[in-house]
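Here is the structure we will look at.
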6 protein chains.
Amino acid sequence: MTRITVVNPNTSDALTAVITEAARRVAPAGVQVAGARPTVGVDSVESHAEEAVAALGVLEQVRAHDAGSDAFVVACFGDTGVAAAREIASGPVVGMTEAALQAACLIAHRFTVVTMPPRTIAHSERVVRALGLEHRCSVRAVDVPVHDLEAGSVHLLGTFAAEGRRAIAQDGAEAVVLGCAGLADLVGPLGAQLGVPVVEGVAAAVGFAAALVAMGVGTSRGSTFAPVPALPGFRLSAVKA
Amino acid sequence: MTRITVVNPNTSDALTAVITEAARRVAPAGVQVAGARPTVGVDSVESHAEEAVAALGVLEQVRAHDAGSDAFVVACFGDTGVAAAREIASGPVVGMTEAALQAACLIAHRFTVVTMPPRTIAHSERVVRALGLEHRCSVRAVDVPVHDLEAGSVHLLGTFAAEGRRAIAQDGAEAVVLGCAGLADLVGPLGAQLGVPVVEGVAAAVGFAAALVAMGVGTSRGSTFAPVPALPGFRLSAVKA
Amino acid sequence: MTRITVVNPNTSDALTAVITEAARRVAPAGVQVAGARPTVGVDSVESHAEEAVAALGVLEQVRAHDAGSDAFVVACFGDTGVAAAREIASGPVVGMTEAALQAACLIAHRFTVVTMPPRTIAHSERVVRALGLEHRCSVRAVDVPVHDLEAGSVHLLGTFAAEGRRAIAQDGAEAVVLGCAGLADLVGPLGAQLGVPVVEGVAAAVGFAAALVAMGVGTSRGSTFAPVPALPGFRLSAVKA
Amino acid sequence: MTRITVVNPNTSDALTAVITEAARRVAPAGVQVAGARPTVGVDSVESHAEEAVAALGVLEQVRAHDAGSDAFVVACFGDTGVAAAREIASGPVVGMTEAALQAACLIAHRFTVVTMPPRTIAHSERVVRALGLEHRCSVRAVDVPVHDLEAGSVHLLGTFAAEGRRAIAQDGAEAVVLGCAGLADLVGPLGAQLGVPVVEGVAAAVGFAAALVAMGVGTSRGSTFAPVPALPGFRLSAVKA
Amino acid sequence: MTRITVVNPNTSDALTAVITEAARRVAPAGVQVAGARPTVGVDSVESHAEEAVAALGVLEQVRAHDAGSDAFVVACFGDTGVAAAREIASGPVVGMTEAALQAACLIAHRFTVVTMPPRTIAHSERVVRALGLEHRCSVRAVDVPVHDLEAGSVHLLGTFAAEGRRAIAQDGAEAVVLGCAGLADLVGPLGAQLGVPVVEGVAAAVGFAAALVAMGVGTSRGSTFAPVPALPGFRLSAVKA
Amino acid sequence: MTRITVVNPNTSDALTAVITEAARRVAPAGVQVAGARPTVGVDSVESHAEEAVAALGVLEQVRAHDAGSDAFVVACFGDTGVAAAREIASGPVVGMTEAALQAACLIAHRFTVVTMPPRTIAHSERVVRALGLEHRCSVRAVDVPVHDLEAGSVHLLGTFAAEGRRAIAQDGAEAVVLGCAGLADLVGPLGAQLGVPVVEGVAAAVGFAAALVAMGVGTSRGSTFAPVPALPGFRLSAVKA
């Protein structure tokens, strides 16, 4: 049994539950998924400042669950904290964004991320560029705040379908990548409306992390992701702004 | 149970067996691996001309095994025939090169392919560029013909270790990708010698293909990989050159 | 006298004649053009699977005509089989796509390929990327099947002109590259309608191949395109799909 | 008078003093430089995990000093926290890495960053790639920990000169960028030894920030760096690891 | 006091005055700005042929004013003659285009140059590509000749605002770079209309040049920009075409 | 008969004769080559400042010979003045650098320019980047001034062979591009020593220009290279520096 801990970088219990449940439904055979979220932090990650807070929460949760996890998945589009988590975790760490983009490469010539809200386009593009996929992937956004996903995302189907149709017509998209965690229940209906595959990154990251564990391959300790000696733990507490 | 057919594009039974066995040893739980190879073709793929022959063999085998396969893996560095196979196969098709490069991205900042023989460097670079990974991946080669792998590859440990050390010292490699199918028995000893992870592409492709099947995501039929209407079958026969 | 064999990778006699005649009309002085086509194969190349079949036909014809050819031109947009042909042919081999893109670079800052049908956009983009021309060249398509060209292409003038005007307005195109063999009779009328140069790739490839022959420069045998030892010949035969 | 606050992302008082003094010595006329450092954090930033901690410290200090600052400079190679700070600060925020690379572009065709220690090469390359300067800038490292700089850096002259000479000989470097804050006293002697300009990023960032203030140009609030509504403050406290 | 000579590459006294006055208004404290223009040349630079003439004028003026200048700014979008001027001038030389693009990088994720007239788009793109900024910067144009700026540019506000709004809507621009010298009086009103920062390149170049002088950093003499031995002076005279 | 004028941008009669003779020897059938050089200018082009002078000379000669030329070739590595000449000439204009790089693409996977002297590496790289060929082409230099070529270049065989061998060993070069006009007599002996093709740019440019003329394709007048209205002629005269 491969134990994968999915870390939701925001503090919403509702979203953590949505994400964890969705990951379980599509996890490969033999993969056990647990969810985690920071004890203190922000309730959604829609800016670089919130990413800074969330990254520390990711580190906290990776430390807390490392002993019981064969691998980690970071469930925030933009892959907040993933590089840092690689230095701390014993097993591999996979970001939902990088996994989604890689999965899309395996099934489509060109594809489009539809993220939310628009100010986070730069966060998606950061991962696209780190992977060198500018020639195959465009990034679009719908103007919806993340907390709208707490009760599921099916009410956003029309919004995502409209943007997906623009991606197909204008960008030549042959697949759509959902640019936020918590959208798993859109995969089926959106794919049906658009007629192209829809890729959900947490599912992809869980599958790819399981593959790495099965291969026996972990994070390289050669240089960039070598362990960090004597790093103290840190605790965040919120104060009046 | 996910059924994955690994197509070896050359006609060597020995290599097909080596590759299939290795894939089985590291396949994720719930994945059943079968091997296949063209009925007629070349006994190794070390040039573009041989790739042209091998690609037709890949198509032949994908057609032959499509009904019993949830996904295909093409086990030739350079991903010969993968785009064509995507148009023919019902389920997803993953090349060992693209999967190896993607897996390496998840565990290392920079990495190096060590392929064989040197004339195939361009074949690896073609996939590196299709994925946009020139900034993270260098390609090196050892001067060994593919048929040297028929009885296993441990006798090549010293050769690969020497090139791997050059990759680490000169290219900043933090992981090494084995640039040929049939090298799975090098993964352990080479990793031990080099102190960095060693990625075997057939294993990565099997794992990633299984992940796609678990996610329920298949090749996009939107445009590039739409089915090919009325394509006849073809049979190759060798003639005197 | 420089003898150039233009290999049409599909099996259409009509298209082979159209392409060969057109090449003769614009060949530089001192260049003798002959046409060839595979004995068995597909009657148009509009997918990766058909490319795999056609590539073998290109190899067959290069072998058959090598003794009487100073250079070869491959007359299929996407440059199917060109790399393989370089390993087999004694003289230089030029693809119509690479030559068209290079010619366009010499006369325009930005330009656009108009290919057909839309599913082959990825084939054109593969060559654009191999040459590094993404920053100067966009790829568009008209929805016409290749066999519509057998009796000439003037009936497509309106379709190509409409797409060409979009290329000029939206992509800043200063020249248009015809993205298929068999369109030579469009060069004049389309250029007249659009007011920008129209580049036909077979003509460009014939001219550039002749230039290489005049310079005395042939394919490098240094590594990638070294001869392939002991490659058997292959004969294709069609079977019921 | 333009007031620029230089935020040192680590907690070392000695380094903060070194950096602030150096910035004052080369600040343009009319620029008043103040130094700041996080109240809690790490005493050097040599990993992604430490960057995560330091980024929060940058935010804390930007909030604390925003009222009295016309612009901020972040004095950590890798530009930790700069994007987040742009969302919080009223005036422009300039990272020492981006400014150093831009200054080097204005005086040299190619140049090389010499950073420290080697595991942070990826941090420098992240900024190089965000600015698109891979074709002009290479990144090298010397194996020295950051805390070696607390009493100045002249003792490292030989080490940096050796690496700089390799950059000139092997990478064609025409200038050297010092890849860490706290190295300002190397600028003169290293430039004298190498015979090429040496660029110190804090000095460049102070100068460029002053230029932005003089131009009256601030961070765009159009999308990516719009203010973050209702972001609480956070306080870090160290705990036993 | 830092003395910066702004060289206007065309021969218009009116534009030289407009540019010099504007530069003075936004120059950082301690910077003294003088203007210069070629004695013979073209009265606007809107083509490569005119650039060739103007470049010689830039060299002439740099030679003439070198003794009294700590740095030079070249005030023509496209940075005509900047590389040559670096070889001749004793102090640093900054082009208005490179400085504008770099300033925009410090305040916006994506941005757009609005240049004039449309045929000079390629001139702007040349600088964008030299700096590697294709992924962050688009180039647009308004159809206005340069001599329309001799009496100021406020009459062009509507034209620039319309193009700027297209840049924001279609290219995701978060800042606009004015793609011509002589547009400084548009900065305020255009920024007010668009709601994003507007960057004027002469102002940016003056500020960045002053920063380089304050840092004590000059053009590298290592290779590309080494002095040119025994270069004679040249005088242009106009003849009937 | 196609009349091609080869413009040598420097004022050396000896080099003009060498270049013109060499071009004649390898010109395709039906191509008549004439040589030209500026009346006033520099006797070699080894810097950006000299390029500025030489570009004006190219314009002068293109104007003078336009009536009697079907096409122009600019015979200076770096393609000085080519863009400007395109605006002035009635027929196509081909630079020796762009043609050499394109020819090399048709015969080799990777190749290396060996230019002279080292300070002009940036000039070659400018063309490499304009064509997008960084992934296939490296640039090296030998430390020889251009006037060493006036009596032929065979005495430089050993120097070029040594650098060529480094290109093959370290850069994977499969062809060598001679990075200066006037080296045509090296093509044969250097190719023999290195065992890879050697590409001479003037020969390639003559061949490609002839191909464009045969195709009936000229410079696009759509935007970038539209005619320049009312450009006066200019005469250069040397003055004491």
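Going through the structure tokens in order, the chains are called A, B, and so on, while each chain numbers its residues from 1 and the ligands are numbered from 1 in the order shown.
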
Exercise. Could you give me the residues within stretch 159-195 of chain F that DSSP places in strand (DSSP E), as JSON, numbers by chain?
Key: {"F": [176, 177, 178, 179]}

Quiz item: Quick one: which residues from chain C are at most 9 Å off chain E, using only C-alpha atoms, as JSON, numbers by chain?
Solution: {"C": [109, 110, 135]}

Go ahead and save the residues from that selection, with C-alpha atoms, as an mmCIF file, in the first residue's frame.
```cif
data_model
loop_
_atom_site.group_PDB
_atom_site.id
_atom_site.type_symbol
_atom_site.label_atom_id
_atom_site.label_comp_id
_atom_site.auth_asym_id
_atom_site.auth_seq_id
_atom_site.Cartn_x
_atom_site.Cartn_y
_atom_site.Cartn_z
ATOM 1 C CA HIS C 109 10.083 39.575 -40.717
ATOM 2 C CA ARG C 110 7.047 37.476 -39.769
ATOM 3 C CA HIS C 135 9.031 33.840 -32.923
#
```

Exercise. Skip B:Ala209 itself and residues of its chain fewer than 3 positions away, then list as number ranges by chain all residues within 9 Å of it, counting only C-alpha atoms.
Key: A: 106; B: 4, 70-73, 92-94, 99, 204-206, 212-214

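Atom CA of A:Thr97 to atom CA of A:Ala169 spans 23.4 Å [interatomic distance, one decimal].
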
Self-check item: Contacts of E:Ala52 at 8 Å (only C-alpha atoms; same-chain gap of 6+ positions) as a list in words
Solution: Ala52, Ala55, Leu56, Gly81 and Ala84 of chain F

Quiz item: Out of stretch 17-145 of chain B, which residues get helix (DSSP H, G or I) from DSSP, as a VMD selection string?
Solution: chain B and resid 17 to 26 48 to 68 82 to 88 96 to 105 118 to 131

Quiz item: What lies within 6 Å of stretch 215-231 of chain B using only C-alpha atoms, ignoring chain neighbours under 6 positions off, as a PyMOL selection string?
Solution: (chain A and resi 26+107-108+174+196-197) or (chain B and resi 87+91-92) or (chain C and resi 119)

Could you save the residues just selected, with N, CA and C atoms, as a tab-separated table (two decimals), in the first residue's frame?
```tsv
chain	number	residue	atom	x	y	z
A	26	VAL	N	-10.18	8.72	-7.63
A	26	VAL	CA	-9.44	8.39	-8.85
A	26	VAL	C	-8.04	7.86	-8.57
A	107	ILE	N	-1.48	13.53	-23.66
A	107	ILE	CA	-2.73	13.25	-24.35
A	107	ILE	C	-3.14	14.32	-25.36
A	108	ALA	N	-2.37	15.42	-25.44
A	108	ALA	CA	-2.78	16.52	-26.31
A	108	ALA	C	-1.57	17.26	-26.82
A	174	GLU	N	-6.51	21.29	-27.14
A	174	GLU	CA	-7.06	19.95	-27.35
A	174	GLU	C	-7.35	19.26	-26.01
A	196	VAL	N	-13.38	17.53	-25.23
A	196	VAL	CA	-11.93	17.26	-25.09
A	196	VAL	C	-11.67	16.82	-23.66
A	197	PRO	N	-10.54	16.13	-23.43
A	197	PRO	CA	-10.25	15.69	-22.06
A	197	PRO	C	-10.05	16.87	-21.12
B	87	GLU	N	-3.14	8.01	-32.45
B	87	GLU	CA	-4.29	8.11	-33.35
B	87	GLU	C	-5.01	6.76	-33.49
B	91	GLY	N	-6.92	3.60	-25.91
B	91	GLY	CA	-6.51	4.20	-24.63
B	91	GLY	C	-5.28	5.06	-24.81
B	92	PRO	N	-4.76	5.63	-23.73
B	92	PRO	CA	-3.58	6.49	-23.82
B	92	PRO	C	-2.32	5.72	-24.22
C	119	ARG	N	-5.91	19.24	-38.72
C	119	ARG	CA	-5.25	18.29	-37.82
C	119	ARG	C	-3.75	18.21	-38.07
```

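Of the residues under consideration (E:Ala203, E:Ala14, E:His48, E:Phe208), E:Phe208 shows the shortest atom-to-atom contact distance to D:Gln102 when counting only C-alpha atoms.
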
Quiz item: So which residues touch E:Gln193 within 9 Å, counting only C-alpha atoms, skipping near sequence neighbours fewer than 4 positions away, as a ChimeraX atom specification?
Solution: /E:161,188-189

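One distance worth recording is that between atom CA of E:Met1 and atom CA of D:Arg24, which is 16.8 Å.
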
Contact residues around B:Arg235 with only C-alpha atoms at 12 Å, ignoring same-chain residues under 4 positions, as a compact mmCIF listing (two decimals) with C-alpha atoms, in the first residue's frame:
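Just written: selection-v6.txt:
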```txt
# COMPACT_ATOMS: atom_id res chain seq x y z
CA PRO B 38 6.80 -6.23 -34.46
CA THR B 39 6.63 -9.38 -36.55
CA VAL B 40 8.97 -7.90 -39.14
CA GLY B 41 11.37 -5.02 -38.74
CA VAL B 53 10.74 0.83 -40.08
CA LEU B 56 5.32 0.84 -38.70
CA GLY B 57 5.91 -2.07 -36.37
CA VAL B 58 4.57 -0.06 -33.46
CA LEU B 59 1.40 0.68 -35.41
CA GLU B 60 1.00 -2.99 -36.29
CA GLN B 61 1.29 -4.08 -32.67
CA VAL C 40 2.57 1.19 -52.06
CA GLY C 41 1.32 3.54 -49.39
CA VAL C 53 3.52 4.70 -43.89
CA LEU C 56 8.82 4.13 -45.59
CA PHE C 234 11.50 -3.44 -46.91
CA ARG C 235 8.44 -3.86 -49.03
CA LEU C 236 5.05 -2.71 -47.86
CA SER C 237 1.87 -4.47 -48.79
CA ALA C 238 -1.59 -3.32 -47.85
CA VAL C 239 -3.82 -5.65 -45.90
CA LYS C 240 -7.39 -5.39 -44.79
CA ALA C 241 -7.48 -3.10 -41.77
```

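Atom CA of A:Ala67 sits 14.7 Å away from atom CA of A:Gln32.
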